[in-house]
Amino acid sequence: MPFQGQKRRFQTSFKEALRDFEHAKVVVDLFGGSGLLSHWAKQQLPNAIVVFNDFDDYSKRVSNIERTNALLAQFRTILKDAPLDKVIDKDRKAAILLAVRAEQQAYGYVDYITISSSLLFSMNYATNFADLAMQTMYNCVRKNDYELAPDYLFGVDVIRADYREVFNMWKNADDVVFLIDPPYLSTDCSTYSNYWKLANYLDVLKCLSGTNYFYFTSNKSSILELTDWIERNLGGENPFSDAKRVDVNARMNHNSGYTDIMLYKSKK
Ligand SMILES: C[S@@+](CC[C@H](N)C(=O)[O-])C[C@H]1O[C@@H](n2cnc3c(N)ncnc32)[C@H](O)[C@@H]1O
């Protein structure tokens, strides 16, 4: 299901890099997002405890896939004769909102992010009813159901807390590896529950000092340039020195793109 900032493109390189961490007894995914890194970590290191910090309650979205599929099926019926990829007219939009409201009232939950990707302009997401109601809707409802994923988080421990709390809980454990994929600086964080400023972003670097870690960033964030500059000019510790690095290029459209970066360091 859609999740902004998901690390899908690192599947092969992340799994390969985990070979450096075969000694790990605990893997802690501080910024779990969609849980994809936790899922892969559990596959590769089945004997390790894997902790997924589900800050955005993604597991709730996973456990509601069936209901989300049913809602999308209702949208397809409402939009049966409507032109594809075009703006949805007033009456059909009203019918869609009625269906969403009925779902909200009957079950107390709607996966707004997932339904947004079937109704809103690319990369636009609503997180509640009012948000959805005020946006222009497009007929881009996906044709197929989302696959049910009952085993997606099998064996993974799910918690939900601020990353600092989770880090403090585990920082003194033996053979612990932290997966650190914070919200990107200067990207659209509209679907995240809070907004990240530079100081918040720099605070995260404290989790890298003396730990086993994976850290994810992109060339848009300039964090590597900054830590490198501080080391060379002010003699500060560079938490990324001696880390291994993998770059993956992402294309937004034909003339713009960026590079996603994974850094990792094992103390052993
Ligand atoms: C780049 S995403 C992580 C993506 C994830 N690795 C994946 O593959 O799906 C960053 C995540 O950090 C979450 N987040 C924001 N503030 C946080 C905090 N204070 N503590 C923990 N997580 C936080 C965001 O909501 C978002 O889910």
# chains A, B, ... in the order shown; residues from 1 in each chain; ligands from 1

$ select_by_dssp --residues "stretch 53-213 of chain A" --states "alpha helix (DSSP H)" --output "PyMOL selection string"
chain A and resi 58-63+65-78+90-107+112-119+129-133+163-170+198-203

$ residues_near_ligand --ligand "ligand 1" --cutoff "7 Å" --atoms "only C-alpha atoms and all ligand atoms" --output "list in words"
Phe3, Gln4, Gly5, Gln6, Lys7, Arg8, Leu30, Phe31, Gly32, Gly33, Ser34, Gly35, Leu36, Leu37, Asn53, Phe55, Asp56, Ala161, Asp162, Tyr163, Arg164, Asp181, Pro182, Pro183, Tyr184, Tyr192, Ser193 and Asn194 of chain A

$ residues_around --residues "A:Leu97" --least-positions-apart "6" --cutoff "10 Å" --atoms "only C-alpha atoms" --output "PyMOL selection string"
chain A and resi 75+91+103+129-130+132-133

$ atom_distance --atom1 "atom CA of A:Glu22" --atom2 "atom CA of A:Leu45"
7.0 Å

$ residues_around --residues "A:Val204" --least-positions-apart "2" --cutoff "12 Å" --atoms "only C-alpha atoms" --output "PyMOL selection string"
chain A and resi 30-31+162-164+167+178-184+196-202+206-209+213+215-217+223+239

$ decode --residues "stretch 87-133 of chain A" --atoms "C-alpha atoms" --output "PDB file, in the first residue's frame"
ATOM      1  CA  VAL A  87     -11.894  15.020 -12.619  1.00  0.00           C
ATOM      2  CA  ILE A  88     -14.824  13.326 -10.871  1.00  0.00           C
ATOM      3  CA  ASP A  89     -18.061  15.334 -11.188  1.00  0.00           C
ATOM      4  CA  LYS A  90     -19.965  16.788  -8.235  1.00  0.00           C
ATOM      5  CA  ASP A  91     -22.607  14.048  -7.940  1.00  0.00           C
ATOM      6  CA  ARG A  92     -20.194  11.160  -8.094  1.00  0.00           C
ATOM      7  CA  LYS A  93     -17.878  12.891  -5.634  1.00  0.00           C
ATOM      8  CA  ALA A  94     -20.823  13.280  -3.246  1.00  0.00           C
ATOM      9  CA  ALA A  95     -21.627   9.563  -3.617  1.00  0.00           C
ATOM     10  CA  ILE A  96     -18.009   8.654  -2.873  1.00  0.00           C
ATOM     11  CA  LEU A  97     -17.957  10.855   0.212  1.00  0.00           C
ATOM     12  CA  LEU A  98     -21.205   9.274   1.389  1.00  0.00           C
ATOM     13  CA  ALA A  99     -19.630   5.818   1.087  1.00  0.00           C
ATOM     14  CA  VAL A 100     -16.547   6.969   2.985  1.00  0.00           C
ATOM     15  CA  ARG A 101     -18.613   8.537   5.747  1.00  0.00           C
ATOM     16  CA  ALA A 102     -20.772   5.402   6.061  1.00  0.00           C
ATOM     17  CA  GLU A 103     -17.604   3.297   6.369  1.00  0.00           C
ATOM     18  CA  GLN A 104     -16.185   5.642   8.989  1.00  0.00           C
ATOM     19  CA  GLN A 105     -19.409   5.501  10.991  1.00  0.00           C
ATOM     20  CA  ALA A 106     -19.893   1.736  10.709  1.00  0.00           C
ATOM     21  CA  TYR A 107     -16.286   0.647  11.401  1.00  0.00           C
ATOM     22  CA  GLY A 108     -14.696   3.665  13.017  1.00  0.00           C
ATOM     23  CA  TYR A 109     -11.763   3.502  10.615  1.00  0.00           C
ATOM     24  CA  VAL A 110     -10.916   4.424   7.029  1.00  0.00           C
ATOM     25  CA  ASP A 111      -7.454   4.087   5.498  1.00  0.00           C
ATOM     26  CA  TYR A 112      -7.466   7.603   4.028  1.00  0.00           C
ATOM     27  CA  ILE A 113      -3.934   7.373   2.690  1.00  0.00           C
ATOM     28  CA  THR A 114      -4.648   4.276   0.624  1.00  0.00           C
ATOM     29  CA  ILE A 115      -7.957   5.528  -0.762  1.00  0.00           C
ATOM     30  CA  SER A 116      -6.302   8.893  -1.549  1.00  0.00           C
ATOM     31  CA  SER A 117      -4.001   7.200  -4.039  1.00  0.00           C
ATOM     32  CA  SER A 118      -7.111   6.026  -5.915  1.00  0.00           C
ATOM     33  CA  LEU A 119      -8.900   9.390  -5.837  1.00  0.00           C
ATOM     34  CA  LEU A 120      -6.430  12.272  -5.636  1.00  0.00           C
ATOM     35  CA  PHE A 121      -3.831  13.744  -7.958  1.00  0.00           C
ATOM     36  CA  SER A 122      -0.554  11.808  -7.844  1.00  0.00           C
ATOM     37  CA  MET A 123       1.317  12.190  -4.488  1.00  0.00           C
ATOM     38  CA  ASN A 124      -1.611  14.046  -2.846  1.00  0.00           C
ATOM     39  CA  TYR A 125      -2.878  12.400   0.315  1.00  0.00           C
ATOM     40  CA  ALA A 126      -5.726  13.115   2.693  1.00  0.00           C
ATOM     41  CA  THR A 127      -5.493  11.894   6.274  1.00  0.00           C
ATOM     42  CA  ASN A 128      -9.085  12.510   7.363  1.00  0.00           C
ATOM     43  CA  PHE A 129     -12.574  13.043   5.982  1.00  0.00           C
ATOM     44  CA  ALA A 130     -12.478  16.858   5.864  1.00  0.00           C
ATOM     45  CA  ASP A 131      -9.156  16.735   4.041  1.00  0.00           C
ATOM     46  CA  LEU A 132     -10.541  14.351   1.446  1.00  0.00           C
ATOM     47  CA  ALA A 133     -13.799  16.251   0.997  1.00  0.00           C
TER      48      ALA A 133
END
